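Everything on this sheet refers to the single structure shown next.
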Amino acid sequence: MDGLRLAMSWLSVAPVRAGRVDARACRQAIALAPLVGALVGGIAAAVLWVLGVLGAPPLLAGLLAVAALVLVTRGMHVDGLADTVDGLGCYGPPERALAVMRDGGAGPFAVVALVLVLGVQAVSLGELAAAGDWATVVVACAAGRAGFALCCRTGVPAARPEGMGALVAGSQPVWTVAAWWLLLFVAAGISHWWTGPVAVAAALAALLVFIHHVRRRFGGITGDVLGAASEIGTTTVLAICAIA
């Protein structure tokens with residue numbers, strides 16, 4: 001239960017007090033993160049449904065749902081995306097890139113990435129809401145958090161010896177990662193019998209490429225990389241299912 005409480009308090013604004021916070025609890029929180037993602041996705045789907053009942057245009061509903069997602073997660077994942085993109089976009093050795101990520105400011109790469117990612121999410125959420133496809137919203141948010149386990153699978157190192165990345169890097173066995181992504185394939189196929197699994201497969205492929213590039217550029221993962229992976233996975237599933 002320490003891992004579940006930590007996952008809820010860390011990845012959402014739910015009024016849950018974290019229990020013991022140590023390496024073991026952090027590893028458990030990473031493994032249980034998709035459950036929190038599904039809960040967050042359910043909140044976004046509920047917001048979209050209410051706005052649809054009120055007659056809100058799809059794009060407005062999508063934008064407000066994105067705002068709800070950012071609020072529910074304290075903006076942690078979009079902040080990780082911004083910091084990671086700035087680090088990837090700078091010149092110099094890995095130490096320089098990690099210093100840029102710790103700086104906390106938002107450079108031009110971060111601004112463009114946020115506009116594109118949040119814009120694609122808003123449009124996609126609006127289209128899915130217009131089609132009454134609430135299940136895909138839940139699956140997409142769960143897929144984003146399943147990216148945590150993928151980033152932290154066995155063999156993936158931390159980029160620096162301190163921080164969240166150092167606690168959880170290499171902590172997830174391959175069977176845990178495979179189990180979550182297989183479950184997502186099945187869940188996605190319920191609402192979109194072929195495009196749903198294709199979207200999940202595309203998210204998995206995109207995250208594998210992203211993790212490979214991050215390892216080459218930074219030397220491993222950080223907490224910011226986890227946030228970026230969540231946004232990449234979620235956006236990929238939303239966009240492909242909305243197009244379909």
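We label chains A, B, ... in the order they appear in the structure tokens, count residues from 1 in each chain, and number ligands from 1 in the order shown.
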
TODO: With a distance cut-off of 9 Å and only C-alpha atoms, select the neighbouring residues of Gly52 in chain A, excluding the residue or stretch itself and same-chain residues fewer than 6 positions from it, and output the selection as an MDAnalysis selection string.
DONE: chainID A and resid 58 61 129:130

Open item on the list: Just want the 10 Å neighbourhood of Ser12 in chain A, counted on only C-alpha atoms, with same-chain residues fewer than 4 positions away dropped. Output as JSON, numbers by chain.
Closed with: {"A": [6, 7, 8, 16, 36, 37, 39, 40, 69, 70, 71, 72, 73, 74, 75, 76]}

- [ ] Would you list the contacts of range 21-28 of chain A as a list in words, taking every protein, DNA or RNA residue within 7 Å and counting only C-alpha atoms, but skipping same-chain residues closer than 6 positions in sequence?
- [x]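 Counting only the stated atoms, we get Asp2, Gly3, Leu167, Val168 and Ser171 of chain A.
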
Output file for the selection above: N, CA and C atoms, as an mmCIF file, in the first residue's frame:
```cif
data_model
loop_
_atom_site.group_PDB
_atom_site.id
_atom_site.type_symbol
_atom_site.label_atom_id
_atom_site.label_comp_id
_atom_site.auth_asym_id
_atom_site.auth_seq_id
_atom_site.Cartn_x
_atom_site.Cartn_y
_atom_site.Cartn_z
ATOM 1 N N ASP A 2 2.099 1.173 0.473
ATOM 2 C CA ASP A 2 2.972 2.349 0.435
ATOM 3 C C ASP A 2 3.165 2.825 -1.002
ATOM 4 N N GLY A 3 3.364 1.874 -1.910
ATOM 5 C CA GLY A 3 3.557 2.241 -3.308
ATOM 6 C C GLY A 3 2.324 2.862 -3.917
ATOM 7 N N LEU A 167 16.422 6.659 -8.044
ATOM 8 C CA LEU A 167 15.696 5.719 -7.193
ATOM 9 C C LEU A 167 15.006 4.622 -7.993
ATOM 10 N N VAL A 168 14.544 4.951 -9.190
ATOM 11 C CA VAL A 168 13.685 4.018 -9.915
ATOM 12 C C VAL A 168 14.307 3.450 -11.185
ATOM 13 N N SER A 171 14.456 -0.453 -12.238
ATOM 14 C CA SER A 171 13.743 -1.131 -11.150
ATOM 15 C C SER A 171 12.606 -2.021 -11.616
#
```

Task: Long-range neighbours of Val139 in chain A as a VMD selection string, 12 Å cut-off, only C-alpha atoms, 6 positions minimum in chain - done: chain A and resid 34 to 42 44 to 45 133 145 to 146 180 to 181 183 to 192 196 to 197 199 to 200 203 233 to 238 241

Which polymer residues have any atom within 7 Å of an atom of range 107-116 of chain A, counting only C-alpha atoms, with same-chain residues fewer than 4 positions away left out, as a PDB file with N, CA and C atoms, in the first residue's frame?
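Dumped to around_14.pdb:
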```
ATOM      1  N   ALA A  82       8.777  19.892 -20.875  1.00  0.00           N
ATOM      2  CA  ALA A  82       9.469  21.139 -21.212  1.00  0.00           C
ATOM      3  C   ALA A  82      10.954  21.054 -20.870  1.00  0.00           C
ATOM      4  N   ASP A  83      11.277  20.570 -19.678  1.00  0.00           N
ATOM      5  CA  ASP A  83      12.680  20.479 -19.269  1.00  0.00           C
ATOM      6  C   ASP A  83      13.457  19.491 -20.139  1.00  0.00           C
ATOM      7  N   VAL A  85      12.818  18.540 -23.293  1.00  0.00           N
ATOM      8  CA  VAL A  85      13.015  19.069 -24.649  1.00  0.00           C
ATOM      9  C   VAL A  85      14.104  20.131 -24.650  1.00  0.00           C
ATOM     10  N   ASP A  86      14.122  20.984 -23.633  1.00  0.00           N
ATOM     11  CA  ASP A  86      15.197  21.981 -23.545  1.00  0.00           C
ATOM     12  C   ASP A  86      16.555  21.302 -23.419  1.00  0.00           C
ATOM     13  N   GLY A  89      17.610  19.862 -26.693  1.00  0.00           N
ATOM     14  CA  GLY A  89      17.864  20.869 -27.720  1.00  0.00           C
ATOM     15  C   GLY A  89      19.119  21.687 -27.521  1.00  0.00           C
ATOM     16  N   VAL A 120      -2.363  19.317 -29.787  1.00  0.00           N
ATOM     17  CA  VAL A 120      -2.798  18.027 -30.337  1.00  0.00           C
ATOM     18  C   VAL A 120      -3.708  17.306 -29.349  1.00  0.00           C
TER      19      VAL A 120
END
```

- [ ] Could you tell me which of A:His212, A:Leu4, A:Leu48, A:Gly219 comes closest to Glu127 in chain A if we count only C-alpha atoms?
- [x] A:Leu48

Open item on the list: Env of range 173-177 of chain A: 9 Å cut, atoms = only C-alpha atoms, seq-sep filter 4 positions within chain, self excluded. Answer as a ChimeraX atom specification.
Closed with: /A:31,146-147,149-150,152-154,181-182

Kindly export the residues of the current selection with all heavy atoms, as a PDB file, in the first residue's frame.
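What landed in out_5.pdb:
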```pdb
ATOM      1  N   ALA A  31       5.411   0.966 -10.810  1.00  0.00           N
ATOM      2  CA  ALA A  31       4.677  -0.189 -11.326  1.00  0.00           C
ATOM      3  C   ALA A  31       3.168   0.042 -11.321  1.00  0.00           C
ATOM      4  O   ALA A  31       2.450  -0.491 -12.176  1.00  0.00           O
ATOM      5  CB  ALA A  31       5.020  -1.425 -10.502  1.00  0.00           C
ATOM      6  N   ALA A 146       2.127   4.139 -18.310  1.00  0.00           N
ATOM      7  CA  ALA A 146       2.840   2.887 -18.542  1.00  0.00           C
ATOM      8  C   ALA A 146       4.222   3.156 -19.124  1.00  0.00           C
ATOM      9  O   ALA A 146       5.111   2.306 -19.052  1.00  0.00           O
ATOM     10  CB  ALA A 146       2.038   1.996 -19.490  1.00  0.00           C
ATOM     11  N   GLY A 147       4.393   4.354 -19.678  1.00  0.00           N
ATOM     12  CA  GLY A 147       5.713   4.756 -20.138  1.00  0.00           C
ATOM     13  C   GLY A 147       6.717   4.863 -19.006  1.00  0.00           C
ATOM     14  O   GLY A 147       7.934   4.738 -19.238  1.00  0.00           O
ATOM     15  N   ALA A 149       7.119   2.675 -16.499  1.00  0.00           N
ATOM     16  CA  ALA A 149       7.737   1.355 -16.347  1.00  0.00           C
ATOM     17  C   ALA A 149       8.677   1.065 -17.503  1.00  0.00           C
ATOM     18  O   ALA A 149       9.731   0.437 -17.315  1.00  0.00           O
ATOM     19  CB  ALA A 149       6.651   0.286 -16.261  1.00  0.00           C
ATOM     20  N   LEU A 150       8.315   1.516 -18.701  1.00  0.00           N
ATOM     21  CA  LEU A 150       9.178   1.302 -19.863  1.00  0.00           C
ATOM     22  C   LEU A 150      10.503   2.037 -19.684  1.00  0.00           C
ATOM     23  O   LEU A 150      11.576   1.509 -20.003  1.00  0.00           O
ATOM     24  CB  LEU A 150       8.463   1.782 -21.121  1.00  0.00           C
ATOM     25  CG  LEU A 150       9.040   1.364 -22.464  1.00  0.00           C
ATOM     26  CD1 LEU A 150       8.997  -0.148 -22.620  1.00  0.00           C
ATOM     27  CD2 LEU A 150       8.279   2.029 -23.602  1.00  0.00           C
ATOM     28  N   CYS A 152      11.869   2.782 -16.877  1.00  0.00           N
ATOM     29  CA  CYS A 152      12.575   2.261 -15.702  1.00  0.00           C
ATOM     30  C   CYS A 152      12.810   0.763 -15.771  1.00  0.00           C
ATOM     31  O   CYS A 152      13.076   0.124 -14.738  1.00  0.00           O
ATOM     32  CB  CYS A 152      11.782   2.597 -14.435  1.00  0.00           C
ATOM     33  SG  CYS A 152      11.547   4.352 -14.150  1.00  0.00           S
ATOM     34  N   ARG A 153      12.707   0.190 -16.970  1.00  0.00           N
ATOM     35  CA  ARG A 153      12.896  -1.254 -17.080  1.00  0.00           C
ATOM     36  C   ARG A 153      14.358  -1.617 -16.807  1.00  0.00           C
ATOM     37  O   ARG A 153      15.253  -0.781 -16.869  1.00  0.00           O
ATOM     38  CB  ARG A 153      12.467  -1.742 -18.461  1.00  0.00           C
ATOM     39  CG  ARG A 153      13.357  -1.325 -19.598  1.00  0.00           C
ATOM     40  CD  ARG A 153      12.745  -1.726 -20.936  1.00  0.00           C
ATOM     41  NE  ARG A 153      13.635  -1.449 -22.058  1.00  0.00           N
ATOM     42  CZ  ARG A 153      13.768  -0.269 -22.635  1.00  0.00           C
ATOM     43  NH1 ARG A 153      13.058   0.763 -22.193  1.00  0.00           N
ATOM     44  NH2 ARG A 153      14.598  -0.112 -23.652  1.00  0.00           N
ATOM     45  N   THR A 154      14.550  -2.886 -16.522  1.00  0.00           N
ATOM     46  CA  THR A 154      15.883  -3.394 -16.224  1.00  0.00           C
ATOM     47  C   THR A 154      16.858  -3.064 -17.352  1.00  0.00           C
ATOM     48  O   THR A 154      16.557  -3.280 -18.526  1.00  0.00           O
ATOM     49  CB  THR A 154      15.828  -4.920 -16.030  1.00  0.00           C
ATOM     50  OG1 THR A 154      14.897  -5.225 -14.987  1.00  0.00           O
ATOM     51  CG2 THR A 154      17.197  -5.460 -15.675  1.00  0.00           C
ATOM     52  N   TRP A 181       1.620  -3.290 -21.004  1.00  0.00           N
ATOM     53  CA  TRP A 181       1.381  -2.955 -22.405  1.00  0.00           C
ATOM     54  C   TRP A 181       0.471  -3.961 -23.084  1.00  0.00           C
ATOM     55  O   TRP A 181      -0.339  -3.585 -23.947  1.00  0.00           O
ATOM     56  CB  TRP A 181       2.713  -2.799 -23.137  1.00  0.00           C
ATOM     57  CG  TRP A 181       3.357  -1.503 -22.784  1.00  0.00           C
ATOM     58  CD1 TRP A 181       4.292  -1.290 -21.811  1.00  0.00           C
ATOM     59  CD2 TRP A 181       3.064  -0.223 -23.353  1.00  0.00           C
ATOM     60  NE1 TRP A 181       4.608   0.050 -21.740  1.00  0.00           N
ATOM     61  CE2 TRP A 181       3.877   0.724 -22.677  1.00  0.00           C
ATOM     62  CE3 TRP A 181       2.218   0.214 -24.357  1.00  0.00           C
ATOM     63  CZ2 TRP A 181       3.853   2.083 -22.979  1.00  0.00           C
ATOM     64  CZ3 TRP A 181       2.190   1.574 -24.676  1.00  0.00           C
ATOM     65  CH2 TRP A 181       3.000   2.482 -23.994  1.00  0.00           C
ATOM     66  N   LEU A 182       0.524  -5.219 -22.684  1.00  0.00           N
ATOM     67  CA  LEU A 182      -0.418  -6.201 -23.219  1.00  0.00           C
ATOM     68  C   LEU A 182      -1.842  -5.869 -22.779  1.00  0.00           C
ATOM     69  O   LEU A 182      -2.792  -5.948 -23.582  1.00  0.00           O
ATOM     70  CB  LEU A 182      -0.032  -7.603 -22.739  1.00  0.00           C
ATOM     71  CG  LEU A 182      -0.934  -8.755 -23.207  1.00  0.00           C
ATOM     72  CD1 LEU A 182      -0.933  -8.835 -24.729  1.00  0.00           C
ATOM     73  CD2 LEU A 182      -0.475 -10.073 -22.594  1.00  0.00           C
TER      74      LEU A 182
END
```

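Nearest to Tyr91 in chain A of all the residues A:Phe148, A:Phe218, A:Phe210, A:Trp194 is A:Phe218, counting only C-alpha atoms.
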
Task: Residue nearest Val156 in chain A - candidates A:Ala46, A:Val78, A:Leu32, A:Ile221, atoms counted: only C-alpha atoms - done: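 Selected residue with least distance to Val156 in chain A: A:Ile221.
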
Open item on the list: Just to confirm, what's the straight-line distance from CA of Asp79 in chain A to CA of Val137 in chain A in Å (one decimal)?
Closed with: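 Answer for the CA of Asp79 in chain A to CA of Val137 in chain A separation: 21.0 Å.
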
Task: CA of Arg17 in chain A to CA of Leu81 in chain A, straight-line distance in Å - done: 26.0 Å

Task: alpha helix (DSSP H) per DSSP on the backbone: members of range 36-232 of chain A, as an MDAnalysis selection string - done: chainID A and resid 36:53 58:72 76:89 94:103 108:130 134:151 164:168 174:191 195:218 223:232
